[in-house]
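What follows is the content of data01.txt (compact mmCIF, C-alpha atoms and all ligand atoms).
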```
# COMPACT_ATOMS: atom_id res chain seq x y z
CA PRO A 1 -24.05 24.85 -45.75
CA GLN A 2 -22.05 24.29 -48.94
CA GLY A 3 -21.09 20.73 -48.12
CA ARG A 4 -20.13 21.39 -44.52
CA VAL A 5 -21.98 19.27 -41.96
CA PRO A 6 -23.69 21.58 -39.46
CA LEU A 7 -22.69 21.18 -35.82
CA MET A 8 -24.89 21.96 -32.83
CA ALA A 9 -22.76 22.00 -29.70
CA GLY A 10 -24.22 22.52 -26.24
CA ASN A 11 -21.81 24.18 -23.81
CA TRP A 12 -23.21 23.40 -20.37
CA LYS A 13 -20.69 25.61 -18.59
CA MET A 14 -20.64 24.84 -14.83
CA ASN A 15 -23.99 23.04 -14.81
CA LYS A 16 -25.05 19.41 -14.24
CA ASN A 17 -23.20 16.77 -12.18
CA HIS A 18 -22.31 13.41 -13.70
CA GLN A 19 -25.65 11.82 -12.78
CA GLU A 20 -27.61 14.69 -14.28
CA ALA A 21 -25.38 14.45 -17.34
CA VAL A 22 -26.26 10.79 -17.90
CA VAL A 23 -29.99 11.47 -17.53
CA PHE A 24 -29.73 14.40 -19.94
CA VAL A 25 -27.80 12.56 -22.64
CA GLN A 26 -30.15 9.58 -22.44
CA LYS A 27 -33.21 11.83 -22.79
CA LEU A 28 -31.59 13.76 -25.61
CA ALA A 29 -30.89 10.55 -27.50
CA TRP A 30 -34.49 9.36 -27.03
CA THR A 31 -35.94 12.69 -28.07
CA LEU A 32 -33.79 12.92 -31.17
CA SER A 33 -34.65 9.36 -32.11
CA ASP A 34 -38.37 10.21 -31.75
CA LYS A 35 -37.78 13.14 -34.07
CA ARG A 36 -35.87 10.82 -36.43
CA HIS A 37 -32.84 13.01 -36.21
CA ASP A 38 -30.28 12.43 -38.95
CA TYR A 39 -26.90 12.75 -37.24
CA ALA A 40 -25.14 12.64 -40.60
CA ALA A 41 -27.09 15.74 -41.62
CA VAL A 42 -26.59 17.64 -38.35
CA GLU A 43 -23.93 16.65 -35.86
CA VAL A 44 -24.89 16.93 -32.19
CA ALA A 45 -22.38 17.41 -29.37
CA VAL A 46 -22.62 18.09 -25.65
CA ILE A 47 -19.84 19.90 -23.82
CA PRO A 48 -20.25 19.05 -20.11
CA PRO A 49 -17.96 19.84 -17.18
CA PHE A 50 -14.83 17.66 -16.88
CA THR A 51 -16.30 15.66 -14.01
CA ASP A 52 -19.12 14.38 -16.25
CA LEU A 53 -17.00 13.18 -19.16
CA ARG A 54 -16.28 9.65 -17.98
CA SER A 55 -19.97 8.99 -17.34
CA VAL A 56 -20.94 10.42 -20.71
CA GLN A 57 -18.28 8.29 -22.40
CA THR A 58 -19.58 5.13 -20.73
CA LEU A 59 -23.15 5.89 -21.79
CA VAL A 60 -22.32 6.90 -25.36
CA ASP A 61 -20.06 3.87 -25.89
CA GLY A 62 -22.37 1.40 -24.13
CA ASP A 63 -25.50 2.48 -25.99
CA ARG A 64 -23.65 3.29 -29.23
CA LEU A 65 -25.15 6.76 -29.31
CA SER A 66 -24.36 9.07 -32.20
CA ILE A 67 -24.14 12.05 -29.88
CA ARG A 68 -20.60 13.34 -29.60
CA TYR A 69 -19.06 15.14 -26.65
CA GLY A 70 -16.19 17.33 -25.66
CA ALA A 71 -14.64 19.43 -22.94
CA GLN A 72 -14.87 23.12 -22.14
CA ASP A 73 -11.14 23.78 -21.79
CA LEU A 74 -7.75 22.06 -21.72
CA SER A 75 -4.25 22.74 -20.48
CA ALA A 76 -1.52 24.22 -22.66
CA HIS A 77 0.85 21.67 -21.07
CA ASP A 78 1.17 17.93 -21.62
CA SER A 79 1.68 16.80 -18.02
CA GLY A 80 3.46 17.73 -14.82
CA ALA A 81 3.15 20.18 -11.96
CA PHE A 82 0.06 22.08 -13.09
CA THR A 83 -2.39 21.56 -10.25
CA GLY A 84 -5.98 21.56 -11.37
CA GLU A 85 -5.30 21.34 -15.08
CA ILE A 86 -6.47 18.70 -17.55
CA SER A 87 -4.37 17.69 -20.55
CA ALA A 88 -5.39 17.04 -24.14
CA GLY A 89 -4.19 13.46 -23.77
CA MET A 90 -6.55 12.89 -20.85
CA LEU A 91 -9.45 14.24 -22.89
CA ALA A 92 -8.53 12.12 -25.90
CA LYS A 93 -8.52 9.04 -23.66
CA LEU A 94 -12.07 9.94 -22.62
CA GLY A 95 -13.19 9.95 -26.24
CA CYS A 96 -13.68 13.69 -26.53
CA ALA A 97 -14.34 14.72 -30.11
CA TYR A 98 -14.18 18.42 -29.29
CA VAL A 99 -12.69 20.88 -26.88
CA VAL A 100 -13.74 24.52 -26.54
CA VAL A 101 -10.76 26.86 -26.59
CA GLY A 102 -10.73 30.54 -25.69
CA HIS A 103 -14.35 30.89 -24.61
CA SER A 104 -15.03 34.50 -23.67
CA GLU A 105 -15.59 33.47 -20.06
CA ARG A 106 -12.07 31.97 -19.99
CA ARG A 107 -10.68 35.11 -21.61
CA GLN A 108 -12.56 37.33 -19.16
CA PHE A 109 -12.29 35.45 -15.85
CA HIS A 110 -9.04 33.55 -16.40
CA ALA A 111 -7.07 36.12 -18.37
CA GLU A 112 -6.62 33.87 -21.41
CA ASP A 113 -4.94 35.77 -24.22
CA ASP A 114 -4.46 34.92 -27.89
CA ALA A 115 -1.06 33.30 -27.25
CA LEU A 116 -2.56 30.91 -24.71
CA VAL A 117 -5.51 30.18 -27.00
CA ASN A 118 -2.99 29.38 -29.75
CA ALA A 119 -1.04 27.04 -27.45
CA LYS A 120 -4.19 25.23 -26.35
CA THR A 121 -5.42 24.93 -29.93
CA ARG A 122 -2.12 23.26 -30.89
CA LYS A 123 -2.37 20.83 -27.97
CA ALA A 124 -5.89 19.83 -28.98
CA LEU A 125 -4.85 19.26 -32.59
CA ALA A 126 -1.82 17.22 -31.54
CA ALA A 127 -4.15 14.95 -29.54
CA GLU A 128 -6.55 14.68 -32.50
CA ILE A 129 -9.33 16.50 -30.72
CA THR A 130 -11.14 19.13 -32.77
CA PRO A 131 -10.78 22.52 -31.14
CA ILE A 132 -13.78 24.85 -31.15
CA VAL A 133 -11.90 28.14 -31.17
CA CYS A 134 -13.99 30.99 -29.79
CA VAL A 135 -13.67 34.60 -30.90
CA GLY A 136 -15.93 37.61 -30.54
CA GLU A 137 -16.07 41.26 -29.58
CA GLY A 138 -17.44 43.00 -26.51
CA LEU A 139 -20.17 45.63 -26.55
CA GLU A 140 -17.86 48.64 -26.66
CA VAL A 141 -15.98 47.30 -29.65
CA ARG A 142 -19.26 46.55 -31.43
CA GLN A 143 -20.61 50.04 -30.71
CA ALA A 144 -17.41 51.59 -32.04
CA GLY A 145 -17.73 49.52 -35.23
CA GLY A 146 -14.55 47.53 -34.60
CA HIS A 147 -16.17 44.09 -34.44
CA VAL A 148 -14.77 42.64 -37.66
CA ALA A 149 -11.21 43.86 -37.10
CA HIS A 150 -11.23 42.73 -33.47
CA THR A 151 -12.58 39.27 -34.21
CA VAL A 152 -10.28 38.70 -37.19
CA ALA A 153 -7.29 39.71 -35.04
CA GLN A 154 -8.32 37.18 -32.40
CA LEU A 155 -8.53 34.53 -35.12
CA ASP A 156 -5.06 35.43 -36.40
CA GLY A 157 -3.69 35.00 -32.89
CA ALA A 158 -5.49 31.72 -32.27
CA LEU A 159 -4.39 30.12 -35.53
CA ALA A 160 -0.86 31.55 -35.85
CA GLY A 161 1.57 28.98 -37.20
CA ILE A 162 -1.07 26.26 -37.63
CA ASP A 163 -1.00 24.58 -41.05
CA ALA A 164 -3.81 24.78 -43.58
CA GLU A 165 -4.79 21.13 -43.26
CA ALA A 166 -5.31 21.48 -39.52
CA VAL A 167 -7.22 24.74 -39.99
CA ALA A 168 -9.54 23.02 -42.47
CA GLY A 169 -10.56 20.50 -39.81
CA LEU A 170 -11.17 22.78 -36.89
CA VAL A 171 -14.22 24.69 -35.78
CA ILE A 172 -14.39 28.44 -35.20
CA ALA A 173 -17.14 29.89 -33.03
CA TYR A 174 -18.09 33.53 -33.44
CA GLU A 175 -19.56 34.57 -30.12
CA PRO A 176 -20.15 38.28 -29.62
CA VAL A 177 -19.70 38.73 -25.87
CA TRP A 178 -22.70 41.07 -25.64
CA ALA A 179 -24.94 38.28 -26.93
CA ILE A 180 -23.76 35.55 -24.55
CA GLY A 181 -26.28 34.70 -21.87
CA THR A 182 -28.00 38.06 -22.33
CA GLY A 183 -30.96 37.01 -24.45
CA GLU A 184 -29.74 39.53 -26.97
CA VAL A 185 -29.08 37.54 -30.12
CA ALA A 186 -27.12 39.06 -33.00
CA THR A 187 -29.28 39.54 -36.07
CA PRO A 188 -28.64 36.86 -38.68
CA ALA A 189 -27.13 39.54 -40.91
CA ASP A 190 -24.78 40.77 -38.17
CA ALA A 191 -23.66 37.23 -37.41
CA GLN A 192 -23.18 36.49 -41.11
CA GLU A 193 -21.09 39.64 -41.61
CA VAL A 194 -18.49 38.51 -39.08
CA CYS A 195 -18.59 34.82 -40.02
CA ALA A 196 -18.01 35.75 -43.68
CA ALA A 197 -15.07 37.93 -42.65
CA LEU A 198 -13.61 35.07 -40.62
CA ARG A 199 -13.92 32.71 -43.58
CA ALA A 200 -12.34 35.29 -45.88
CA ARG A 201 -9.45 35.60 -43.47
CA VAL A 202 -8.96 31.83 -43.43
CA GLN A 203 -8.90 31.93 -47.23
CA GLU A 204 -6.34 34.72 -47.24
CA LEU A 205 -3.98 33.04 -44.77
CA HIS A 206 -4.62 29.32 -45.23
CA GLY A 207 -6.04 29.00 -48.73
CA GLU A 208 -9.28 28.24 -50.49
CA GLU A 209 -9.60 24.60 -49.43
CA ALA A 210 -9.27 25.42 -45.74
CA ALA A 211 -11.80 28.24 -46.09
CA ALA A 212 -14.31 25.99 -47.83
CA ALA A 213 -13.93 23.25 -45.23
CA VAL A 214 -13.62 25.07 -41.90
CA ARG A 215 -16.86 25.16 -39.93
CA ILE A 216 -17.88 28.44 -38.38
CA LEU A 217 -20.51 28.45 -35.65
CA TYR A 218 -22.47 31.34 -34.21
CA GLY A 219 -22.98 31.54 -30.46
CA GLY A 220 -24.96 33.97 -28.34
CA SER A 221 -28.49 33.41 -27.06
CA VAL A 222 -29.35 30.82 -29.71
CA LYS A 223 -32.72 29.14 -29.07
CA ALA A 224 -35.00 26.76 -30.95
CA ALA A 225 -37.07 29.80 -31.97
CA ASN A 226 -34.24 31.78 -33.58
CA VAL A 227 -31.86 29.10 -34.88
CA ALA A 228 -33.46 28.58 -38.30
CA ALA A 229 -32.88 32.17 -39.43
CA ILE A 230 -29.28 32.01 -38.25
CA MET A 231 -28.72 28.72 -40.08
CA GLN A 232 -29.92 30.27 -43.32
CA GLN A 233 -26.76 32.37 -43.47
CA SER A 234 -24.25 31.00 -45.95
CA ASP A 235 -21.18 31.23 -43.73
CA ILE A 236 -22.78 29.86 -40.54
CA ASP A 237 -22.38 26.12 -40.06
CA GLY A 238 -24.00 25.59 -36.70
CA ALA A 239 -24.29 26.98 -33.20
CA LEU A 240 -22.47 26.93 -29.92
CA VAL A 241 -25.31 27.01 -27.43
CA GLY A 242 -25.11 27.88 -23.75
CA GLY A 243 -28.31 28.37 -21.75
CA ALA A 244 -30.60 26.70 -24.28
CA SER A 245 -28.48 23.54 -24.27
CA LEU A 246 -29.47 22.70 -20.68
CA GLU A 247 -33.03 21.61 -21.50
CA VAL A 248 -33.60 18.56 -23.67
CA GLU A 249 -36.67 19.91 -25.49
CA GLU A 250 -35.02 23.20 -26.31
CA PHE A 251 -31.67 21.74 -27.38
CA SER A 252 -33.25 18.97 -29.44
CA GLY A 253 -35.34 21.67 -31.13
CA ILE A 254 -32.13 23.47 -32.04
CA CYS A 255 -30.65 20.26 -33.43
CA ARG A 256 -33.82 19.73 -35.53
CA PHE A 257 -33.79 23.26 -36.94
CA TYR A 258 -34.18 21.99 -40.50
C1 LIG A 301 -21.85 30.39 -24.85
O1 LIG A 301 -21.48 30.69 -23.74
O2 LIG A 301 -21.10 29.74 -25.61
C2 LIG A 301 -23.19 30.82 -25.28
C3 LIG A 301 -23.42 30.95 -26.54
O3 LIG A 301 -24.11 31.06 -24.28
P1 LIG A 301 -25.69 31.44 -24.47
O4 LIG A 301 -26.22 30.53 -25.53
O5 LIG A 301 -26.29 31.17 -23.13
O6 LIG A 301 -25.74 32.87 -24.88
```
Transcribe the structure of this file into structure tokens.
Ligand code: PEP
Amino acid sequence: PQGRVPLMAGNWKMNKNHQEAVVFVQKLAWTLSDKRHDYAAVEVAVIPPFTDLRSVQTLVDGDRLSIRYGAQDLSAHDSGAFTGEISAGMLAKLGCAYVVVGHSERRQFHAEDDALVNAKTRKALAAEITPIVCVGEGLEVRQAGGHVAHTVAQLDGALAGIDAEAVAGLVIAYEPVWAIGTGEVATPADAQEVCAALRARVQELHGEEAAAAVRILYGGSVKAANVAAIMQQSDIDGALVGGASLEVEEFSGICRFY
């Protein structure tokens, strides 16, 4: 909304090998072309596991697909003795447009804190990959009414020391943890409340231009059936989709919400 191009990003998590990824992206491209999808009106991205990225790159480049892709995480280091990690430079070389940073599952299962999320966000920006910075409160915080303060504090940590121009170009994803993979979607009004607060915070710290440009996604049990109401909210510019991004029909329905 308001001049920002909506983004529908499918986070596959630890699902699909590289062969399944190629089949999926091909089918998605066919389905969206059948539906006459306008990629300039709604950007579409898949976020597969690292091991799929090279195959997705080859397909997207070879067939000149308008589908974009990214990674689910990156290292806070450039190179060296960090066994198992993947650098921003490696992802840039694979043509990644996006990288998810600070997903709640990384925060929860890999003890990622705001300082690490900040470091990873900087590495992505330095490699000219757009970070999708995830924030969101757990159930207890929501029940205690602390969701806005909690989420805004996470944003402050993630974006500390990053200049306004960079902030304008990145993507923020509001993902209430209680709505992720639970089937329990936030009401459009609840999602809008937090997304508006996040945009207001960007305005306060990084200025009006950054606030008007930054894209804020909602994530948490988004499906083809509930996406339209979410997209009607003025501060929501798309969705980060988990479970519903694994099926072509469902995900293409989300992309064609309009
Ligand atoms: C996610 O993990 O980013 C997510 C939104 O998952 P789901 O859509 O399955 O709730």
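Using only C-alpha atoms, the protein and nucleic acid residues lying no more than 8 Å from region 120-125 of chain A, apart from those fewer than 2 places from it along its own chain, are Leu74, Ser75, Ala76, His77, Asp78, Ala88, Val99, Val101, Leu116, Val117, Asn118, Ala127, Glu128, Ile129, Thr130, Pro131, Val133, Ala158, Leu159, Ile162 and Ala166 of chain A.
Nearest residue to Gly220 (chain A), choosing from A:Gly89, A:Gly169, A:Pro6, A:Gly136 and counting all atoms listed in the file: A:Gly136.
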One residue among A:Asp61, A:Asp190, A:Asp163, A:Glu105 is nearest to Gly145 (chain A) when using all atoms listed in the file, and that residue is A:Asp190
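Atom O2 of ligand LIG 301 (chain A) is found 19.8 Å from CA of Gln232 (chain A).
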- request: Dump the neighbourhood of ligand LIG 301 (chain A) as a PyMOL selection string: all residues within 9 Å, distances computed on all atoms listed in the file.
  value: chain A and resi 9-13+103-105+134+173+175-185+218-223+239-245
Using all atoms listed in the file, the best pick from A:His18, A:Gly80, A:Val100, A:Val194 as closest to Glu137 (chain A) would be A:Val194
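Nearest residue to Asp38 (chain A) among A:Ala168, A:Phe257, A:Gln143, A:Gly207 is A:Phe257, counting all atoms listed in the file.
Among the candidate residues A:Ala97, A:Ala153, A:Val248, A:Ala189, the one lying nearest to Leu170 (chain A) is A:Ala97, with distances computed using all atoms listed in the file.
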Close residues, Ala40 (chain A) itself excluded, 12 Å, all atoms listed in the file, min 4 positions apart in chain, as a CSV table (one decimal) with C-alpha atoms, in the frame of the given file:
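And here is the file that came out, part-v7.csv:
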```csv
chain,number,residue,atom,x,y,z
A,3,GLY,CA,-21.1,20.7,-48.1
A,4,ARG,CA,-20.1,21.4,-44.5
A,5,VAL,CA,-22.0,19.3,-42.0
A,6,PRO,CA,-23.7,21.6,-39.5
A,7,LEU,CA,-22.7,21.2,-35.8
A,36,ARG,CA,-35.9,10.8,-36.4
A,44,VAL,CA,-24.9,16.9,-32.2
A,66,SER,CA,-24.4,9.1,-32.2
A,67,ILE,CA,-24.1,12.0,-29.9
A,68,ARG,CA,-20.6,13.3,-29.6
A,255,CYS,CA,-30.6,20.3,-33.4
```
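In this model, the gap between CA of Arg199 (chain A) and CA of His110 (chain A) comes to 27.6 Å.
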re CA of Gly84 (chain A) and CA of Tyr174 (chain A): distance 27.9 Å
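Between Asp113 (chain A) and the residues A:Ile230, A:Leu94, A:Val148, A:Gly157, the shortest atom-to-atom distance, using only C-alpha atoms, involves A:Gly157.
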Might you pull out every residue within 6 Å of Val171 (chain A), with only C-alpha atoms counted and same-chain residues fewer than 2 positions away left off, and present them as a PDB file with C-alpha atoms, in the frame of the given file?
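So the final result, stored in result-v5.pdb, reads:
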```pdb
ATOM      1  CA  ILE A 132     -13.780  24.850 -31.150  1.00  0.00           C
ATOM      2  CA  ARG A 215     -16.860  25.160 -39.930  1.00  0.00           C
ATOM      3  CA  ILE A 216     -17.880  28.440 -38.380  1.00  0.00           C
TER       4      ILE A 216
END
```
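The neighbours of Val56 (chain A) here are the residues that come within 9 Å of it, using only C-alpha atoms and leaving out any residue fewer than 4 positions away in the same chain; they are A:His18, A:Ala21, A:Val22, A:Val25, A:Pro48, A:Asp52, A:Val60, A:Asp61, A:Tyr69.
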Take the residues from that selection and write them out as a PDB file, keeping the file's coordinate frame, keeping C-alpha atoms.
```pdb
ATOM      1  CA  HIS A  18     -22.310  13.410 -13.700  1.00  0.00           C
ATOM      2  CA  ALA A  21     -25.380  14.450 -17.340  1.00  0.00           C
ATOM      3  CA  VAL A  22     -26.260  10.790 -17.900  1.00  0.00           C
ATOM      4  CA  VAL A  25     -27.800  12.560 -22.640  1.00  0.00           C
ATOM      5  CA  PRO A  48     -20.250  19.050 -20.110  1.00  0.00           C
ATOM      6  CA  ASP A  52     -19.120  14.380 -16.250  1.00  0.00           C
ATOM      7  CA  VAL A  60     -22.320   6.900 -25.360  1.00  0.00           C
ATOM      8  CA  ASP A  61     -20.060   3.870 -25.890  1.00  0.00           C
ATOM      9  CA  TYR A  69     -19.060  15.140 -26.650  1.00  0.00           C
TER      10      TYR A  69
END
```
Q.
For Asp156 (chain A), find every residue with an atom within 9 Å (counting all atoms listed in the file), except residues of its own chain fewer than 3 positions away, and show them as an MDAnalysis selection string.
A. chainID A and resid 114 151:153 159:160 201:202 205
